[in-house]
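Next up, entry.cif (mmCIF, C-alpha atoms):
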data_model
loop_
_atom_site.label_atom_id
_atom_site.label_comp_id
_atom_site.auth_asym_id
_atom_site.auth_seq_id
_atom_site.Cartn_x
_atom_site.Cartn_y
_atom_site.Cartn_z
CA MET A 1 -30.10 3.11 15.02
CA THR A 2 -28.27 5.15 17.65
CA CYS A 3 -27.71 2.00 19.66
CA ARG A 4 -26.27 0.20 16.64
CA LEU A 5 -23.89 3.03 15.86
CA PHE A 6 -22.85 3.10 19.49
CA THR A 7 -22.14 -0.65 19.40
CA VAL A 8 -20.00 -0.29 16.27
CA ALA A 9 -18.18 2.66 17.82
CA VAL A 10 -17.45 0.64 20.96
CA VAL A 11 -16.09 -2.26 18.89
CA LEU A 12 -13.80 0.09 16.94
CA LEU A 13 -12.74 1.95 20.05
CA VAL A 14 -11.86 -1.19 21.99
CA GLY A 15 -9.88 -2.45 19.00
CA SER A 16 -8.12 0.89 18.57
CA LEU A 17 -7.11 1.16 22.19
CA THR A 18 -5.87 -2.41 22.30
CA ALA A 19 -3.89 -1.92 19.10
CA SER A 20 -2.48 1.35 20.36
CA LEU A 21 -1.25 -0.23 23.53
CA ALA A 22 -0.09 -3.30 21.72
CA HIS A 23 1.93 -1.61 18.96
CA ALA A 24 0.28 -3.77 16.32
CA GLN A 25 1.96 -5.09 13.24
CA ALA A 26 0.95 -4.18 9.73
CA ILE A 27 -0.22 -7.20 7.75
CA PHE A 28 -2.49 -7.93 4.87
CA GLU A 29 -4.68 -10.98 4.61
CA SER A 30 -6.61 -13.09 2.19
CA SER A 31 -10.38 -12.95 2.47
CA ASP A 32 -10.40 -15.82 4.98
CA GLY A 33 -8.13 -13.91 7.33
CA GLU A 34 -4.96 -15.91 6.67
CA SER A 35 -1.55 -14.33 6.10
CA SER A 36 2.07 -15.34 5.97
CA LEU A 37 3.46 -11.81 6.28
CA ALA A 38 4.45 -10.46 9.66
CA LEU A 39 5.70 -6.99 8.91
CA ARG A 40 7.12 -4.84 11.63
CA SER A 41 5.59 -1.41 11.62
CA GLY A 42 3.47 0.98 13.64
CA GLY A 43 0.10 0.31 15.16
CA LEU A 44 -2.70 -0.98 13.00
CA LEU A 45 -6.31 -1.83 13.58
CA HIS A 46 -7.20 -4.27 10.84
CA ILE A 47 -10.73 -5.09 9.73
CA ASN A 48 -11.42 -7.89 7.27
CA PHE A 49 -15.00 -7.66 6.06
CA ALA A 50 -15.06 -10.99 4.20
CA ASP A 51 -13.75 -12.82 7.25
CA ALA A 52 -15.86 -10.61 9.54
CA SER A 53 -12.89 -10.14 11.80
CA VAL A 54 -11.10 -7.41 13.69
CA SER A 55 -7.45 -8.04 14.46
CA PHE A 56 -4.81 -6.29 16.47
CA GLY A 57 -1.37 -7.26 17.63
CA LEU A 58 1.87 -6.69 19.39
CA VAL A 59 5.43 -6.80 18.07
CA ARG A 60 8.43 -6.19 20.23
CA GLN A 61 12.12 -6.16 19.49
CA VAL A 62 14.41 -7.81 22.01
CA SER A 63 16.68 -4.91 22.94
CA THR A 64 18.61 -3.80 19.86
CA ASP A 65 19.10 -7.39 18.78
CA ARG A 66 17.57 -8.82 15.64
CA VAL A 67 15.21 -11.09 17.57
CA HIS A 68 11.56 -10.11 17.59
CA PHE A 69 8.54 -11.58 19.29
CA GLY A 70 4.91 -10.77 18.83
CA ILE A 71 1.35 -11.61 19.67
CA ASP A 72 -1.77 -11.09 17.59
CA GLY A 73 -5.38 -11.26 18.61
CA LYS A 74 -8.39 -11.60 16.37
CA LEU A 75 -12.13 -11.64 16.98
CA ASN A 76 -14.62 -12.99 14.46
CA ALA A 77 -18.26 -11.97 14.24
CA LYS A 78 -20.66 -14.93 14.26
CA ASP A 79 -22.60 -14.19 11.08
CA GLY A 80 -20.75 -11.23 9.65
CA PHE A 81 -20.42 -7.74 11.10
CA VAL A 82 -24.18 -7.24 10.80
CA SER A 83 -24.67 -9.82 13.55
CA ILE A 84 -22.56 -7.74 15.93
CA VAL A 85 -24.79 -4.78 15.29
CA SER A 86 -28.13 -6.61 15.35
CA ASP A 87 -27.43 -9.30 17.97
CA GLY A 88 -25.15 -7.48 20.35
CA PHE A 89 -21.63 -8.88 20.58
CA ALA A 90 -22.39 -12.06 18.62
CA LEU A 91 -18.86 -13.39 18.37
CA GLY A 92 -18.20 -16.61 16.46
CA GLY A 93 -14.73 -17.10 17.80
CA GLY A 94 -11.32 -15.74 18.42
CA GLN A 95 -7.71 -16.46 17.69
CA VAL A 96 -4.44 -15.76 19.45
CA THR A 97 -1.13 -16.06 17.65
CA GLY A 98 2.33 -15.72 19.13
CA PHE A 99 5.54 -15.68 17.18
CA LEU A 100 9.30 -15.47 17.64
CA GLY A 101 11.67 -14.66 14.83
CA ARG A 102 14.95 -13.16 13.74
CA ASP A 103 15.66 -10.82 10.87
CA PHE A 104 18.60 -10.66 8.47
CA SER A 105 19.69 -7.77 6.26
CA PRO A 106 22.18 -8.96 3.64
CA ARG A 107 23.84 -5.97 1.95
CA THR A 108 24.44 -7.18 -1.58
CA SER A 109 21.64 -9.60 -2.26
CA MET A 110 18.33 -9.10 -4.04
CA LEU A 111 16.88 -10.23 -0.72
CA GLN A 112 17.22 -6.93 1.10
CA TYR A 113 15.51 -8.04 4.27
CA GLN A 114 14.57 -11.46 5.61
CA PHE A 115 12.59 -12.54 8.63
CA VAL A 116 12.36 -16.15 9.78
CA GLY A 117 10.21 -17.25 12.65
CA VAL A 118 8.04 -19.82 14.36
CA ARG A 119 4.46 -19.22 15.40
CA VAL A 120 1.88 -20.86 17.62
CA GLU A 121 -1.82 -20.26 17.14
CA TYR A 122 -4.83 -21.07 19.28
CA THR A 123 -8.33 -20.85 17.86
CA HIS A 124 -11.64 -21.06 19.68
CA SER A 125 -14.83 -20.89 17.72
CA SER A 126 -18.38 -22.13 17.72
CA PHE A 127 -20.52 -23.29 14.82
CA ASP A 128 -24.23 -24.09 14.51
CA ILE A 129 -24.30 -27.38 12.63
CA VAL A 130 -27.13 -29.56 11.38
CA PRO A 131 -25.60 -33.05 11.26
CA ASP A 132 -25.91 -35.20 8.16
CA GLY A 133 -29.19 -37.15 8.16
CA SER A 134 -30.61 -35.23 11.11
CA ALA A 135 -34.33 -36.05 11.43
CA THR A 136 -35.09 -33.07 13.66
CA LEU A 137 -33.04 -30.57 11.61
CA GLU A 138 -31.80 -29.19 14.88
CA ALA A 139 -28.79 -26.88 14.66
CA ILE A 140 -26.36 -28.03 17.31
CA SER A 141 -23.88 -25.52 18.70
CA THR A 142 -20.50 -27.16 18.16
CA PRO A 143 -17.39 -25.72 19.79
CA PHE A 144 -13.96 -25.93 18.20
CA ASN A 145 -10.68 -25.58 20.06
CA GLY A 146 -7.55 -26.04 18.00
CA SER A 147 -3.88 -25.25 18.21
CA THR A 148 -1.34 -25.11 15.41
CA VAL A 149 2.40 -24.67 15.27
CA GLY A 150 4.37 -23.60 12.25
CA GLY A 151 7.13 -21.60 10.68
CA PHE A 152 7.20 -18.62 8.35
CA TYR A 153 9.65 -16.81 6.13
CA ASN A 154 9.34 -13.19 4.95
CA ALA A 155 11.59 -11.42 2.48
CA PHE A 156 11.79 -7.99 0.91
CA ILE A 157 13.07 -8.46 -2.63
CA ASP A 158 14.61 -5.68 -4.71
CA THR A 159 15.71 -6.67 -8.19
CA ALA A 160 18.13 -3.69 -8.22
CA ARG A 161 19.83 -4.99 -5.05
CA GLY A 162 19.07 -1.81 -3.15
CA LYS A 163 20.54 0.53 -5.76
CA GLY A 164 17.21 1.88 -7.01
CA GLY A 165 15.20 1.49 -10.18
CA GLY A 166 14.26 -2.16 -9.69
CA GLN A 167 11.07 -3.99 -8.83
CA GLU A 168 10.30 -4.24 -5.12
CA LEU A 169 8.31 -7.14 -3.67
CA LEU A 170 7.38 -8.63 -0.34
CA LEU A 171 7.30 -12.42 -0.12
CA GLY A 172 5.77 -14.47 2.65
CA VAL A 173 5.66 -18.26 3.03
CA ALA A 174 4.20 -20.13 5.98
CA ILE A 175 3.59 -23.78 6.86
CA ASP A 176 1.57 -24.82 9.89
CA TYR A 177 0.48 -28.10 11.44
CA GLY A 178 -2.35 -28.64 13.85
CA ARG A 179 -6.05 -28.97 14.54
CA ARG A 180 -8.34 -27.77 11.75
CA ASN A 181 -12.02 -28.11 10.93
CA ASN A 182 -14.11 -28.24 7.79
CA ALA A 183 -16.87 -25.82 8.88
CA ASP A 184 -16.14 -23.44 5.99
CA SER A 185 -16.68 -26.19 3.41
CA LEU A 186 -20.16 -27.11 4.67
CA ASP A 187 -23.24 -25.73 2.98
CA GLU A 188 -24.88 -22.80 4.73
CA VAL A 189 -28.66 -23.02 5.35
CA GLN A 190 -31.34 -21.18 7.28
CA VAL A 191 -32.97 -23.32 9.98
CA CYS A 192 -36.39 -21.95 10.85
CA ASP A 193 -38.81 -22.83 13.64
CA ALA A 194 -42.30 -22.06 12.34
CA ILE A 195 -45.65 -21.90 14.11
CA ASN A 196 -48.70 -22.20 11.86
CA SER A 197 -52.11 -20.87 12.71
CA LEU A 198 -55.34 -21.44 10.78
CA THR A 199 -58.05 -18.83 11.20
CA THR A 200 -61.38 -20.56 10.67
CA SER A 201 -63.34 -17.58 9.38
CA ALA A 202 -61.15 -16.72 6.43
CA GLN A 203 -59.27 -20.03 6.13
CA THR A 204 -56.05 -18.04 6.30
CA VAL A 205 -52.85 -19.78 7.36
CA ARG A 206 -50.58 -17.56 9.39
CA THR A 207 -46.95 -18.51 9.97
CA VAL A 208 -44.57 -17.14 12.55
CA SER A 209 -41.00 -18.25 12.07
CA LYS A 210 -37.63 -17.62 13.66
CA CYS A 211 -34.58 -18.50 11.61
CA LYS A 212 -30.90 -18.79 12.21
CA THR A 213 -27.96 -19.54 9.94
CA ALA A 214 -26.37 -22.97 10.28
CA SER A 215 -24.05 -25.27 8.41
CA VAL A 216 -25.25 -28.62 7.19
CA GLY A 217 -23.15 -31.68 6.54
CA ALA A 218 -20.56 -33.96 8.09
CA TYR A 219 -18.50 -31.81 10.45
CA GLU A 220 -15.01 -33.09 11.06
CA THR A 221 -11.78 -32.01 12.70
CA SER A 222 -8.30 -33.43 12.33
CA ASN A 223 -4.62 -32.54 12.42
CA ARG A 224 -3.48 -31.26 9.03
CA VAL A 225 -0.67 -29.39 7.34
CA THR A 226 -1.69 -26.03 5.89
CA ALA A 227 0.39 -23.63 3.84
CA SER A 228 0.16 -20.08 2.58
CA VAL A 229 2.18 -17.90 0.25
CA ASP A 230 1.84 -14.15 -0.34
CA LEU A 231 3.62 -11.96 -2.86
CA LEU A 232 3.09 -8.20 -2.70
CA TRP A 233 4.45 -6.35 -5.73
CA TYR A 234 4.88 -2.60 -5.28
CA GLN A 235 3.96 -0.55 -8.33
CA ARG A 236 6.70 1.98 -9.07
CA TRP A 237 4.44 4.14 -11.26
CA SER A 238 2.25 4.79 -8.20
CA SER A 239 5.24 5.78 -6.01
CA ASN A 240 4.69 2.48 -4.22
CA ARG A 241 1.25 3.57 -3.03
CA ILE A 242 -0.36 0.67 -4.86
CA ALA A 243 0.71 -2.93 -4.52
CA VAL A 244 -0.56 -5.94 -6.43
CA ALA A 245 -0.82 -9.13 -4.40
CA PHE A 246 -0.79 -12.78 -5.39
CA THR A 247 -1.85 -15.24 -2.73
CA GLY A 248 -2.08 -18.98 -2.41
CA ARG A 249 -3.59 -21.04 0.40
CA TYR A 250 -3.53 -24.80 0.96
CA ASP A 251 -5.97 -26.33 3.42
CA GLU A 252 -7.42 -29.82 2.88
CA LEU A 253 -10.29 -29.37 5.31
CA LYS A 254 -11.35 -25.78 4.83
CA HIS A 255 -12.25 -26.07 1.16
CA ARG A 256 -13.22 -28.89 -1.17
CA ARG A 257 -10.34 -27.92 -3.45
CA PRO A 258 -7.36 -27.62 -1.12
CA PHE A 259 -5.47 -24.98 -3.11
CA VAL A 260 -7.00 -21.50 -3.26
CA PRO A 261 -5.28 -18.97 -5.55
CA GLY A 262 -5.98 -15.30 -5.10
CA PHE A 263 -5.27 -11.82 -6.37
CA GLY A 264 -5.49 -8.48 -4.66
CA ILE A 265 -4.84 -4.78 -4.94
CA PHE A 266 -3.70 -2.91 -1.86
CA VAL A 267 -3.15 0.75 -1.05
CA THR A 268 -0.31 1.86 1.18
CA GLU A 269 0.13 5.01 3.21
CA SER A 270 1.77 7.90 1.41
CA GLY A 271 5.47 7.91 2.30
CA ALA A 272 5.20 4.60 4.14
CA PRO A 273 4.91 1.64 1.74
CA LEU A 274 5.14 -0.79 4.66
CA LYS A 275 1.86 0.47 6.07
CA VAL A 276 -1.00 -1.17 4.19
CA GLN A 277 -4.18 0.89 4.54
CA GLY A 278 -6.54 -1.49 2.82
CA GLY A 279 -7.34 -3.44 -0.26
CA ILE A 280 -9.55 -5.80 -2.16
CA THR A 281 -8.97 -9.46 -2.89
CA ILE A 282 -10.55 -12.03 -5.13
CA GLU A 283 -9.96 -15.71 -4.56
CA ALA A 284 -11.08 -18.83 -6.37
CA ILE A 285 -12.60 -20.98 -3.64
CA ASP A 286 -13.87 -24.31 -4.96
CA GLY A 287 -13.95 -22.75 -8.41
CA LYS A 288 -16.12 -19.83 -7.32
CA PRO A 289 -14.88 -16.27 -6.83
CA ARG A 290 -14.90 -14.80 -3.35
CA PHE A 291 -14.38 -11.09 -2.96
CA GLY A 292 -12.76 -9.62 0.10
CA LEU A 293 -12.42 -6.11 1.45
CA GLN A 294 -10.14 -5.08 4.27
CA VAL A 295 -9.08 -1.80 5.78
CA GLY A 296 -6.34 -0.83 8.15
CA PHE A 297 -6.00 2.21 10.35
CA PRO A 298 -2.29 2.76 10.89
CA PHE A 299 -1.32 5.11 13.66
CA MET B 1 38.47 14.28 8.65
CA VAL B 2 38.36 15.21 12.32
CA LYS B 3 39.68 12.43 14.53
CA THR B 4 37.93 12.05 17.86
CA ASP B 5 38.58 10.09 20.99
CA PRO B 6 35.39 10.87 22.84
CA GLY B 7 35.99 8.51 25.73
CA SER B 8 39.10 10.29 26.94
CA ASP B 9 38.34 13.88 25.97
CA PRO B 10 36.59 15.87 28.72
CA ASN B 11 35.34 18.35 26.11
CA ALA B 12 33.26 15.72 24.32
CA VAL B 13 29.53 16.47 24.10
CA ASN B 14 26.53 14.25 23.58
CA VAL B 15 25.20 14.41 20.04
CA SER B 16 21.74 12.91 19.69
CA VAL B 17 20.21 11.62 16.47
CA ALA B 18 16.45 11.24 16.00
CA PHE B 19 15.17 9.50 12.90
CA ALA B 20 11.52 8.86 12.04
CA ALA B 21 10.48 6.59 9.16
CA VAL B 22 8.69 3.30 8.56
CA VAL B 23 11.71 1.17 7.70
CA PHE B 24 12.86 -2.41 8.05
CA ASP B 25 16.15 -1.50 9.62
CA VAL B 26 18.68 1.26 10.18
CA ASP B 27 21.92 -0.25 8.92
CA SER B 28 24.38 2.28 10.27
CA CYS B 29 24.76 5.83 11.51
CA THR B 30 28.10 7.62 11.79
CA ILE B 31 29.44 11.12 12.35
CA ASP B 32 32.86 10.96 10.70
CA ASP B 33 34.38 7.86 12.27
CA VAL B 34 32.17 7.84 15.36
CA ILE B 35 29.45 5.21 15.35
CA VAL B 36 26.01 6.23 16.60
CA ARG B 37 24.13 3.16 17.81
CA MET B 38 20.52 3.60 16.74
CA SER B 39 17.69 1.78 18.49
CA ARG B 40 14.06 1.49 17.53
CA GLY B 41 11.48 3.15 19.72
CA ASP B 42 7.72 3.43 19.51
CA ASP B 43 5.88 4.85 16.52
CA ASP B 44 8.67 4.09 14.03
CA LYS B 45 11.06 6.49 15.71
CA TRP B 46 14.74 5.65 15.99
CA SER B 47 17.23 7.37 18.22
CA GLY B 48 20.88 7.21 19.24
CA GLN B 49 23.61 9.18 20.92
CA ALA B 50 27.37 9.52 20.59
CA LEU B 51 30.11 11.54 22.24
CA ILE B 52 31.77 13.99 19.87
CA VAL B 53 34.57 16.42 20.55
CA PRO B 54 33.35 19.81 19.33
CA SER B 55 35.31 21.72 16.74
CA SER B 56 34.63 24.21 13.98
CA ALA B 57 35.50 21.63 11.33
CA LYS B 58 32.84 20.13 9.09
CA ARG B 59 31.94 16.53 9.77
CA GLN B 60 30.34 13.92 7.54
CA PHE B 61 27.02 12.57 8.82
CA ARG B 62 25.83 9.28 7.31
CA LEU B 63 22.71 7.26 8.06
CA SER B 64 21.75 4.19 6.01
CA PHE B 65 18.41 2.45 6.21
CA ARG B 66 16.54 -0.37 4.51
CA ALA B 67 12.95 0.19 3.32
CA PRO B 68 10.93 0.16 0.11
CA SER B 69 11.70 3.23 -1.99
CA GLN B 70 9.42 6.28 -1.64
CA THR B 71 9.66 6.09 2.13
CA ASP B 72 9.42 9.48 3.83
CA PHE B 73 11.84 10.22 6.65
CA ALA B 74 12.61 13.01 9.10
CA LEU B 75 16.01 13.49 10.71
CA THR B 76 17.18 15.72 13.53
CA VAL B 77 20.70 15.90 14.98
CA LYS B 78 21.16 17.90 18.16
CA ALA B 79 23.98 18.85 20.52
CA ARG B 80 23.49 20.84 23.73
CA GLY B 81 19.86 21.36 22.69
CA THR B 82 20.86 23.05 19.43
CA LYS B 83 19.82 21.59 16.10
CA LEU B 84 22.84 20.75 13.95
CA LEU B 85 20.78 19.11 11.25
CA ASP B 86 17.05 19.13 10.63
CA MET B 87 15.72 17.69 7.41
CA SER B 88 13.04 15.54 5.82
CA ASP B 89 12.95 13.86 2.45
CA THR B 90 11.84 10.74 0.54
CA SER B 91 14.06 7.78 -0.32
CA ASP B 92 14.45 6.64 -3.91
CA LYS B 93 16.01 3.22 -3.37
CA ALA B 94 15.78 0.31 -0.98
CA GLN B 95 19.24 0.87 0.56
CA PHE B 96 19.16 4.59 1.13
CA THR B 97 21.96 6.65 2.67
CA ILE B 98 21.54 10.18 3.99
CA GLU B 99 24.81 12.07 3.67
CA LYS B 100 25.13 15.57 5.08
CA GLU B 101 27.84 17.81 6.46
CA LEU B 102 27.44 19.26 9.91
CA VAL B 103 29.46 21.14 12.48
CA VAL B 104 29.54 20.37 16.19
CA PRO B 105 30.65 23.80 17.36
CA PRO B 106 32.64 24.42 20.52
CA ALA B 107 30.66 26.00 23.33
CA ALA B 108 30.55 29.77 23.21
CA ASP B 109 32.60 31.34 26.04
#

Please express the file's structure as structure tokens.
Amino acid sequence: MTCRLFTVAVVLLVGSLTASLAHAQAIFESSDGESSLALRSGGLLHINFADASVSFGLVRQVSTDRVHFGIDGKLNAKDGFVSIVSDGFALGGGQVTGFLGRDFSPRTSMLQYQFVGVRVEYTHSSFDIVPDGSATLEAISTPFNGSTVGGFYNAFIDTARGKGGGQELLLGVAIDYGRRNNADSLDEVQVCDAINSLTTSAQTVRTVSKCKTASVGAYETSNRVTASVDLLWYQRWSSNRIAVAFTGRYDELKHRRPFVPGFGIFVTESGAPLKVQGGITIEAIDGKPRFGLQVGFPF
Amino acid sequence: MVKTDPGSDPNAVNVSVAFAAVVFDVDSCTIDDVIVRMSRGDDDKWSGQALIVPSSAKRQFRLSFRAPSQTDFALTVKARGTKLLDMSDTSDKAQFTIEKELVVPPAAD
């Protein structure tokens, strides 16, 4: 137990230190770890429990100009955070994203702040897959290396055009193109190696088995266009401490139904609505609800 | 309004502005007609400096920023190590302007 707690503490500490040095950006995500919002803010260690990921990042402003560049890093646990605790650092993959963008601050528009940028993402992951029609039911470790390139647009919308009393929203839209895989759409199974033993005296069959989680089905990768949209609506009655989120994701390979709508409720830091501390999401993936929980530690 | 020509006046002193808040952008910062160029530092802290000719007259300090309403901020204006303005508050609109009067006093003989 002590060892497990120590492992978790090390994971959090490494993430914290990296984020501290990296001046991470504050973002919120859907349960699968995707986001189209790249907010500039203080440091943030971000943990997405549904995606079993820890992310941290770096945002820098080019001098006093309006050009910004950033880099994000994310690590995913192989079979959820429990696997990190029980199996040591059982990482399923990682992701590095870099972006370059410019902001605009029109004075009289409902769009009070805009940020347009391009981003490049590299993903490395590994899946245990039982191929379709496999006679041996052997789970084959299958690596995935994919890169995507895309663009994103963020806007802060104030229906009162900055004069107060209106509705305030954050909008994010992103479109990417590149290598994707369908591992998330495959059925998850337990593959077990069992050894049977028959004791002659009592005619008792004893079984010793060792199981591991694997995906079963036809694994495929290809270049696809994916898209995401996020709308965060600050609730005035809560002094902007609560924000309601509407999300949409489009990915032809990741899910059987390409479009995934979602809804979330997020809590922001008191006196800093741009710092999201955490929230819950619910998304309709292939017609089934998927709940997500994420927390952020702004500093 | 007190007119200043800080570049040519040997009596001009450095006035520093420190502003802390989680904002999208600081639109402008002025002390009367003198522009204070604000730049973003670490930990959501902004800072800037300007040369001001001291006088006993009151001057208008203005700082405008862009952020969701209900954003807390802290502001300090200093000259020669003395605080001319020290305040904190919460914004109530997305384009928020802090307007205060301050005096940049001449040095005591």

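Residues in contact with Ser28 (chain B) at up to 9 Å, not including ones fewer than 3 positions away on its chain and judged by only C-alpha atoms, are B:Ile35, B:Val36, B:Arg37, B:Met38, B:Arg62, B:Leu63, B:Ser64, B:Phe65.
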
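Among B:Phe24, B:Asp33, B:Thr76, B:Gly41, the residue with the shortest atom-to-atom distance to Lys275 (chain A), counting all atoms listed in the file, is B:Phe24.
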
On this structure, the PyMOL selection byres ((chain B and resi 95) around 12) would catch which residues? List them as a VMD selection string, sorted by chain and number.
(chain A and resid 105 to 113 156 to 158 160 to 166 168) or (chain B and resid 23 to 28 63 to 71 91 to 94 96 to 98)

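Each of A:Asn182, A:Ser215, A:Thr207, A:Ser270 was checked against chain B using all atoms listed in the file; the smallest atom-to-atom distance is that of A:Ser270.
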
Given the PyMOL selection byres ((chain B and resi 80) around 9), the residues it picks as a PyMOL selection string
chain B and resi 13-15+78-79+81-83+107

Contacts of Trp233 (chain A) at 8 Å or less, counting all atoms listed in the file, minus same-chain residues fewer than 4 places along, as a PyMOL selection string?
chain A and resi 167-170+243-245

Please write the residues picked by the PyMOL selection byres ((chain A and resi 143-152) around 7) on this file as a ChimeraX atom specification.
/A:36,116-127,141-142,153-154,173-180

Using the selection just defined, write its residues with C-alpha atoms as a PDB file, in the coordinates of the input.
ATOM      1  CA  SER A  36       2.070 -15.340   5.970  1.00  0.00           C
ATOM      2  CA  VAL A 116      12.360 -16.150   9.780  1.00  0.00           C
ATOM      3  CA  GLY A 117      10.210 -17.250  12.650  1.00  0.00           C
ATOM      4  CA  VAL A 118       8.040 -19.820  14.360  1.00  0.00           C
ATOM      5  CA  ARG A 119       4.460 -19.220  15.400  1.00  0.00           C
ATOM      6  CA  VAL A 120       1.880 -20.860  17.620  1.00  0.00           C
ATOM      7  CA  GLU A 121      -1.820 -20.260  17.140  1.00  0.00           C
ATOM      8  CA  TYR A 122      -4.830 -21.070  19.280  1.00  0.00           C
ATOM      9  CA  THR A 123      -8.330 -20.850  17.860  1.00  0.00           C
ATOM     10  CA  HIS A 124     -11.640 -21.060  19.680  1.00  0.00           C
ATOM     11  CA  SER A 125     -14.830 -20.890  17.720  1.00  0.00           C
ATOM     12  CA  SER A 126     -18.380 -22.130  17.720  1.00  0.00           C
ATOM     13  CA  PHE A 127     -20.520 -23.290  14.820  1.00  0.00           C
ATOM     14  CA  SER A 141     -23.880 -25.520  18.700  1.00  0.00           C
ATOM     15  CA  THR A 142     -20.500 -27.160  18.160  1.00  0.00           C
ATOM     16  CA  TYR A 153       9.650 -16.810   6.130  1.00  0.00           C
ATOM     17  CA  ASN A 154       9.340 -13.190   4.950  1.00  0.00           C
ATOM     18  CA  VAL A 173       5.660 -18.260   3.030  1.00  0.00           C
ATOM     19  CA  ALA A 174       4.200 -20.130   5.980  1.00  0.00           C
ATOM     20  CA  ILE A 175       3.590 -23.780   6.860  1.00  0.00           C
ATOM     21  CA  ASP A 176       1.570 -24.820   9.890  1.00  0.00           C
ATOM     22  CA  TYR A 177       0.480 -28.100  11.440  1.00  0.00           C
ATOM     23  CA  GLY A 178      -2.350 -28.640  13.850  1.00  0.00           C
ATOM     24  CA  ARG A 179      -6.050 -28.970  14.540  1.00  0.00           C
ATOM     25  CA  ARG A 180      -8.340 -27.770  11.750  1.00  0.00           C
TER      26      ARG A 180
END

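With CA of Asp72 (chain B) on one side and CA of Gly48 (chain B) on the other, the separation reads 19.3 Å.
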
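Note that CA of Thr90 (chain B) and CA of Arg59 (chain B) are 22.9 Å apart.
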
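Here CA of Val130 (chain A) is placed at a distance of 10.2 Å from CA of Gln190 (chain A).
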